[in-house]
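Okay, work11.txt is below, compact mmCIF, C-alpha atoms:
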# COMPACT_ATOMS: atom_id res chain seq x y z
CA MET A 4 11.38 62.32 9.07
CA ALA A 5 13.19 59.06 9.81
CA ARG A 6 14.00 56.82 6.91
CA LEU A 7 12.93 53.17 7.27
CA CYS A 8 15.39 50.48 6.27
CA LYS A 9 14.59 47.16 4.73
CA PRO A 10 14.27 44.57 7.52
CA LYS A 11 17.03 42.02 7.96
CA PHE A 12 15.94 38.44 8.58
CA LYS A 13 18.07 35.98 10.45
CA GLU A 14 18.87 32.74 8.58
CA LEU A 15 17.26 29.96 10.54
CA SER A 16 18.84 26.53 10.19
CA SER A 17 15.66 24.87 11.37
CA PHE A 18 13.56 25.90 8.36
CA SER A 19 11.23 23.11 7.37
CA ASN A 20 8.87 22.14 4.58
CA VAL A 21 6.99 19.95 7.04
CA GLY A 22 5.07 22.34 9.27
CA GLY A 23 2.90 19.57 10.68
CA ALA A 24 5.80 17.30 11.69
CA PRO A 25 5.60 18.18 15.42
CA VAL A 26 1.86 17.41 15.42
CA LEU A 27 2.46 14.14 13.59
CA ARG A 28 5.22 13.29 16.10
CA THR A 29 2.78 13.91 18.98
CA LEU A 30 0.29 11.45 17.45
CA TRP A 31 3.13 8.99 16.79
CA ASP A 32 4.09 9.10 20.46
CA ARG A 33 0.47 8.94 21.66
CA PHE A 34 -0.02 5.57 19.96
CA ASP A 35 3.43 4.23 20.98
CA LEU A 36 4.40 3.35 17.41
CA SER A 37 8.13 3.43 18.23
CA LEU A 38 7.60 0.94 21.06
CA LEU A 39 5.43 -1.30 18.87
CA LEU A 40 8.15 -1.42 16.19
CA SER A 41 10.77 -2.49 18.73
CA GLN A 42 8.41 -5.04 20.32
CA SER A 43 7.98 -6.54 16.85
CA GLY A 44 11.73 -7.06 16.53
CA ILE A 45 12.33 -4.08 14.24
CA PHE A 46 15.24 -2.08 15.71
CA LYS A 47 17.97 -0.23 13.77
CA ILE A 48 19.26 -0.03 10.23
CA ARG A 49 22.71 1.40 9.55
CA GLY A 50 22.67 3.12 12.95
CA VAL A 51 19.28 4.79 12.47
CA ALA A 52 16.34 3.80 14.65
CA THR A 53 13.62 2.19 12.56
CA TRP A 54 10.94 4.38 14.11
CA VAL A 55 12.76 7.41 12.63
CA LEU A 56 12.76 5.73 9.19
CA ALA A 57 9.08 4.78 9.52
CA PHE A 58 8.17 8.32 10.58
CA LEU A 59 10.19 9.69 7.69
CA TYR A 60 8.30 7.46 5.23
CA VAL A 61 5.02 8.93 6.54
CA VAL A 62 6.39 12.46 6.09
CA GLY A 63 7.58 11.48 2.61
CA LEU A 64 4.12 10.23 1.66
CA ILE A 65 2.57 13.49 2.83
CA ASN A 66 5.14 15.47 0.81
CA ARG A 67 4.75 13.24 -2.26
CA CYS A 68 8.38 12.09 -2.39
CA GLN A 69 8.63 9.88 -5.47
CA SER A 70 11.61 7.72 -4.43
CA VAL A 71 13.86 6.86 -1.52
CA ASN A 72 16.53 9.11 -3.06
CA THR A 73 14.09 12.03 -3.02
CA LEU A 74 13.08 11.16 0.54
CA ALA A 75 16.70 11.01 1.74
CA SER A 76 17.45 14.36 0.07
CA PHE A 77 14.29 15.86 1.56
CA PHE A 78 15.31 14.81 5.08
CA ASN A 79 18.95 15.83 4.66
CA GLN A 80 17.87 19.37 3.69
CA ASP A 81 15.21 19.80 6.40
CA GLY A 82 16.59 21.34 9.59
CA LEU A 83 13.45 20.80 11.68
CA LEU A 84 13.30 17.06 11.01
CA GLN A 85 17.01 16.72 11.73
CA ARG A 86 16.60 18.53 15.06
CA MET A 87 13.48 16.52 15.98
CA PHE A 88 15.34 13.23 15.61
CA GLY A 89 18.92 14.24 16.44
CA VAL A 90 20.01 12.67 13.16
CA GLN A 91 22.03 14.72 10.68
CA LYS A 92 21.95 12.45 7.64
CA ILE A 93 19.95 9.47 6.39
CA THR A 94 21.08 7.48 3.38
CA GLN A 95 19.03 6.00 0.56
CA SER A 96 20.40 2.59 1.57
CA ALA A 97 18.97 2.81 5.11
CA LEU A 98 15.56 3.79 3.74
CA SER A 99 15.56 0.96 1.19
CA ARG A 100 16.64 -1.67 3.71
CA PHE A 101 13.91 -0.54 6.10
CA LEU A 102 11.17 -1.83 3.81
CA THR A 103 12.90 -4.99 2.62
CA GLY A 104 14.79 -6.12 5.70
CA PHE A 105 12.06 -7.39 8.03
CA SER A 106 9.55 -10.16 8.18
CA GLN A 107 7.73 -9.04 11.34
CA TRP A 108 5.30 -6.57 9.73
CA ASP A 109 2.30 -8.79 10.58
CA THR A 110 3.29 -8.72 14.26
CA PHE A 111 3.65 -4.94 14.15
CA ASN A 112 0.26 -4.49 12.44
CA LYS A 113 -1.50 -6.68 15.03
CA LYS A 114 0.09 -4.70 17.88
CA ARG A 115 -0.78 -1.39 16.18
CA THR A 116 -4.41 -2.42 15.69
CA ALA A 117 -4.67 -3.57 19.31
CA ARG A 118 -3.20 -0.25 20.50
CA LEU A 119 -5.68 1.77 18.43
CA GLN A 120 -8.55 -0.30 19.88
CA GLU A 121 -7.37 0.55 23.43
CA ASP A 122 -7.76 4.28 22.86
CA PRO A 123 -11.35 5.56 23.23
CA ASP A 124 -10.82 8.15 20.46
CA THR A 125 -9.81 5.56 17.86
CA ALA A 126 -11.53 2.35 18.96
CA LEU A 127 -14.04 1.00 16.45
CA THR A 128 -17.48 0.02 17.70
CA GLN A 129 -20.62 -1.56 16.30
CA GLY A 130 -21.91 0.40 13.29
CA ASP A 131 -18.56 1.92 12.26
CA VAL A 132 -17.57 1.48 8.62
CA LEU A 133 -14.33 0.08 7.19
CA ALA A 134 -13.58 1.04 3.59
CA LEU A 135 -10.91 -0.92 1.72
CA ASP A 136 -9.13 0.58 -1.30
CA ASP A 137 -6.12 -0.46 -3.35
CA THR A 138 -3.93 1.23 -5.89
CA HIS A 139 -0.81 0.40 -7.89
CA ALA A 140 2.47 2.22 -7.35
CA PRO A 141 4.56 1.40 -10.44
CA HIS A 142 8.30 0.69 -10.06
CA PRO A 143 9.39 -0.11 -13.63
CA TYR A 144 13.14 -0.11 -12.80
CA ALA A 145 13.09 -2.03 -9.49
CA ASN A 146 12.42 -5.67 -10.45
CA GLU A 147 14.46 -7.07 -7.54
CA ILE A 148 12.36 -5.61 -4.71
CA PRO A 149 10.59 -8.61 -3.14
CA PHE A 150 7.12 -7.07 -2.75
CA LEU A 151 6.73 -5.92 -6.38
CA TYR A 152 4.59 -7.93 -8.77
CA TRP A 153 3.70 -7.96 -12.45
CA LEU A 154 0.24 -6.38 -12.08
CA TYR A 155 -2.41 -5.45 -14.61
CA ASP A 156 -3.37 -1.77 -14.57
CA SER A 157 -6.97 -1.64 -15.75
CA SER A 158 -6.89 2.13 -16.33
CA SER A 159 -3.99 2.04 -18.82
CA LYS A 160 -4.65 -1.56 -20.00
CA VAL A 161 -1.01 -2.65 -19.50
CA TYR A 162 0.99 -4.80 -17.09
CA THR A 163 3.61 -3.06 -14.91
CA TRP A 164 6.01 -3.92 -12.11
CA ALA A 165 4.16 -2.35 -9.23
CA MET A 166 3.45 -2.40 -5.55
CA ASN A 167 -0.20 -2.98 -4.71
CA ILE A 168 -0.87 -0.49 -1.92
CA VAL A 169 -3.91 -1.33 0.13
CA ALA A 170 -5.45 1.35 2.34
CA LEU A 171 -8.03 0.73 5.01
CA HIS A 172 -10.13 3.72 6.05
CA ALA A 173 -12.16 3.59 9.23
CA VAL A 174 -15.19 5.84 9.54
CA ARG A 175 -16.63 6.17 13.00
CA VAL A 176 -20.37 6.63 13.16
CA VAL A 177 -21.29 9.08 15.89
CA SER A 178 -24.73 8.58 17.36
CA ARG A 179 -26.83 11.72 17.41
CA GLN A 180 -29.06 12.42 20.31
CA VAL A 181 -32.08 14.66 19.85
CA VAL A 182 -32.45 17.06 22.75

Mind turning the file's structure into structure tokens?
Amino acid sequence: MARLCKPKFKELSSFSNVGGAPVLRTLWDRFDLSLLLSQSGIFKIRGVATWVLAFLYVVGLINRCQSVNTLASFFNQDGLLQRMFGVQKITQSALSRFLTGFSQWDTFNKKRTARLQEDPDTALTQGDVLALDDTHAPHPYANEIPFLYWLYDSSSKVYTWAMNIVALHAVRVVSRQVV
């Protein structure tokens, strides 16, 4: 009887903790978010395209990265993301400057909203519901970031330096036809 050996696995350099990144990239391209960023005057930071940094922030939110240092480390260790973007390394400085270096976010948001309204799968119509929610993201050691404020946290009954993150959820109401 033949003796079976333990299988040998090849080390893959493109191992990733972000299995859904290619799907997310497809949606990103479908709604032209890279083009909308550049049309809003948001181009490159430290040699890295801003759409790569924006995409990376989305991936970081999904993976619950707690800081830009964690996000930079996450990207620099993820072979799939590096191959997707053709970028080998992203610094904490580039990620930090991405959020604080522009004043054209209103322009980008207007263009993004208009683009979503053009697509029949995402356009809002009469009867759809918009739900607005906000939450605090505390940054106790980052007093110099321009969009942080001294905010009251009603759950812990204390004031903290925090970012007030506002999320808008759209719920499309699908009409049901009785056959």

- request: Within 6 Å of (4.1, -6.8, 17.8) (coordinates as in the file), grab all the protein and nucleic acid residues, counting all atoms listed in the file, and write them out as a ChimeraX atom specification.
  value: /A:39,42-43,110-111,114

task: Name the residues in contact with stretch 163-170 of chain A at a cut-off of 9 Å, using all atoms listed in the file, excluding same-chain residues fewer than 5 positions from it; report them as a ChimeraX atom specification.
output: /A:134-146,150-156

task: Could you tell me which of A:Glu121, A:Trp108, A:Phe101, A:Thr128 comes closest to A:Val51 if we count all atoms listed in the file?
output: A:Phe101

statement: atom CA of A:Val55 sits from atom CA of A:Val26 at a separation of 15.1 Å

Contacts of A:Phe78 within 9 Å, all atoms listed in the file, excl. fewer than 6 positions in-chain, as number ranges by chain: A: 59, 63, 84-85, 91-93

query: For A:Ala126, which of A:Phe34, A:Ser159, A:Tyr60, A:Phe88 is the closest residue, counting only C-alpha atoms?
result: A:Phe34

task: Between A:Ile148, A:Leu38, A:Ala97, A:Ala117, single out the one closest to A:Asn72, counting only C-alpha atoms.
output: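 The answer is A:Ala97, which sits nearest to A:Asn72.
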
message: Here is a test: counting all atoms listed in the file, which residue of A:Ser37, A:Gln95, A:Ser158, A:Gln69 is nearest to A:Arg49?
response: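 Checking each candidate against A:Arg49, we get A:Gln95 as the closest.
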
List the spatial neighbours of stretch 30-32 of chain A as a PDB file with C-alpha atoms, in the frame of the given file - criterion: any atom at most 12 Å away, only C-alpha atoms, same-chain residues fewer than 2 positions off excluded.
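Result saved to result_20.pdb:
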ATOM      1  CA  GLY A  23       2.900  19.570  10.680  1.00  0.00           C
ATOM      2  CA  ALA A  24       5.800  17.300  11.690  1.00  0.00           C
ATOM      3  CA  PRO A  25       5.600  18.180  15.420  1.00  0.00           C
ATOM      4  CA  VAL A  26       1.860  17.410  15.420  1.00  0.00           C
ATOM      5  CA  LEU A  27       2.460  14.140  13.590  1.00  0.00           C
ATOM      6  CA  ARG A  28       5.220  13.290  16.100  1.00  0.00           C
ATOM      7  CA  PHE A  34      -0.020   5.570  19.960  1.00  0.00           C
ATOM      8  CA  ASP A  35       3.430   4.230  20.980  1.00  0.00           C
ATOM      9  CA  LEU A  36       4.400   3.350  17.410  1.00  0.00           C
ATOM     10  CA  SER A  37       8.130   3.430  18.230  1.00  0.00           C
ATOM     11  CA  LEU A  38       7.600   0.940  21.060  1.00  0.00           C
ATOM     12  CA  LEU A  39       5.430  -1.300  18.870  1.00  0.00           C
ATOM     13  CA  LEU A  40       8.150  -1.420  16.190  1.00  0.00           C
ATOM     14  CA  TRP A  54      10.940   4.380  14.110  1.00  0.00           C
ATOM     15  CA  VAL A  55      12.760   7.410  12.630  1.00  0.00           C
ATOM     16  CA  ALA A  57       9.080   4.780   9.520  1.00  0.00           C
ATOM     17  CA  PHE A  58       8.170   8.320  10.580  1.00  0.00           C
ATOM     18  CA  LEU A  59      10.190   9.690   7.690  1.00  0.00           C
ATOM     19  CA  VAL A  61       5.020   8.930   6.540  1.00  0.00           C
ATOM     20  CA  VAL A  62       6.390  12.460   6.090  1.00  0.00           C
ATOM     21  CA  ARG A 115      -0.780  -1.390  16.180  1.00  0.00           C
ATOM     22  CA  ARG A 118      -3.200  -0.250  20.500  1.00  0.00           C
ATOM     23  CA  LEU A 119      -5.680   1.770  18.430  1.00  0.00           C
ATOM     24  CA  ASP A 124     -10.820   8.150  20.460  1.00  0.00           C
ATOM     25  CA  THR A 125      -9.810   5.560  17.860  1.00  0.00           C
TER      26      THR A 125
END

query: What does the distance from atom CA of A:Val174 to atom CA of A:Thr116 come to in Å, to one decimal?
result: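 A separation of 14.9 Å between them.
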
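Nearest to A:Arg33 of all the residues A:Asp122, A:Gly104, A:Thr73, A:Leu98 is A:Asp122, based on all atoms listed in the file.
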
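With atom CA of A:Leu171 on one side and atom CA of A:Phe46 on the other, the separation reads 25.8 Å.
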
query: Given the choices A:Arg100, A:Lys47, A:Arg175, A:Arg86, which gets closest to A:Asp131 if the distance is worked out from all atoms listed in the file?
result: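 Between A:Arg100, A:Lys47, A:Arg175, A:Arg86, the residue approaching A:Asp131 most closely is A:Arg175.
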
Residues near A:Val132, anyone? I mean within 9 Å using only C-alpha atoms, not counting same-chain ones fewer than 3 positions away, as a PDB file with C-alpha atoms, in the coordinates of the input.
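Produced file part07.pdb, reproduced below:
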ATOM      1  CA  LEU A 127     -14.040   1.000  16.450  1.00  0.00           C
ATOM      2  CA  GLN A 129     -20.620  -1.560  16.300  1.00  0.00           C
ATOM      3  CA  HIS A 172     -10.130   3.720   6.050  1.00  0.00           C
ATOM      4  CA  ALA A 173     -12.160   3.590   9.230  1.00  0.00           C
ATOM      5  CA  VAL A 174     -15.190   5.840   9.540  1.00  0.00           C
ATOM      6  CA  ARG A 175     -16.630   6.170  13.000  1.00  0.00           C
ATOM      7  CA  VAL A 176     -20.370   6.630  13.160  1.00  0.00           C
TER       8      VAL A 176
END

Find the axis-aligned box for stretch 129-147 of chain A, covering all its listed atoms and adding 6 Å on each side, and write its centre and edge lengths in Å to one decimal as AutoDock Vina command-line options.
--center_x -3.7 --center_y -2.4 --center_z 1.3 --size_x 48.4 --size_y 21.3 --size_z 41.9
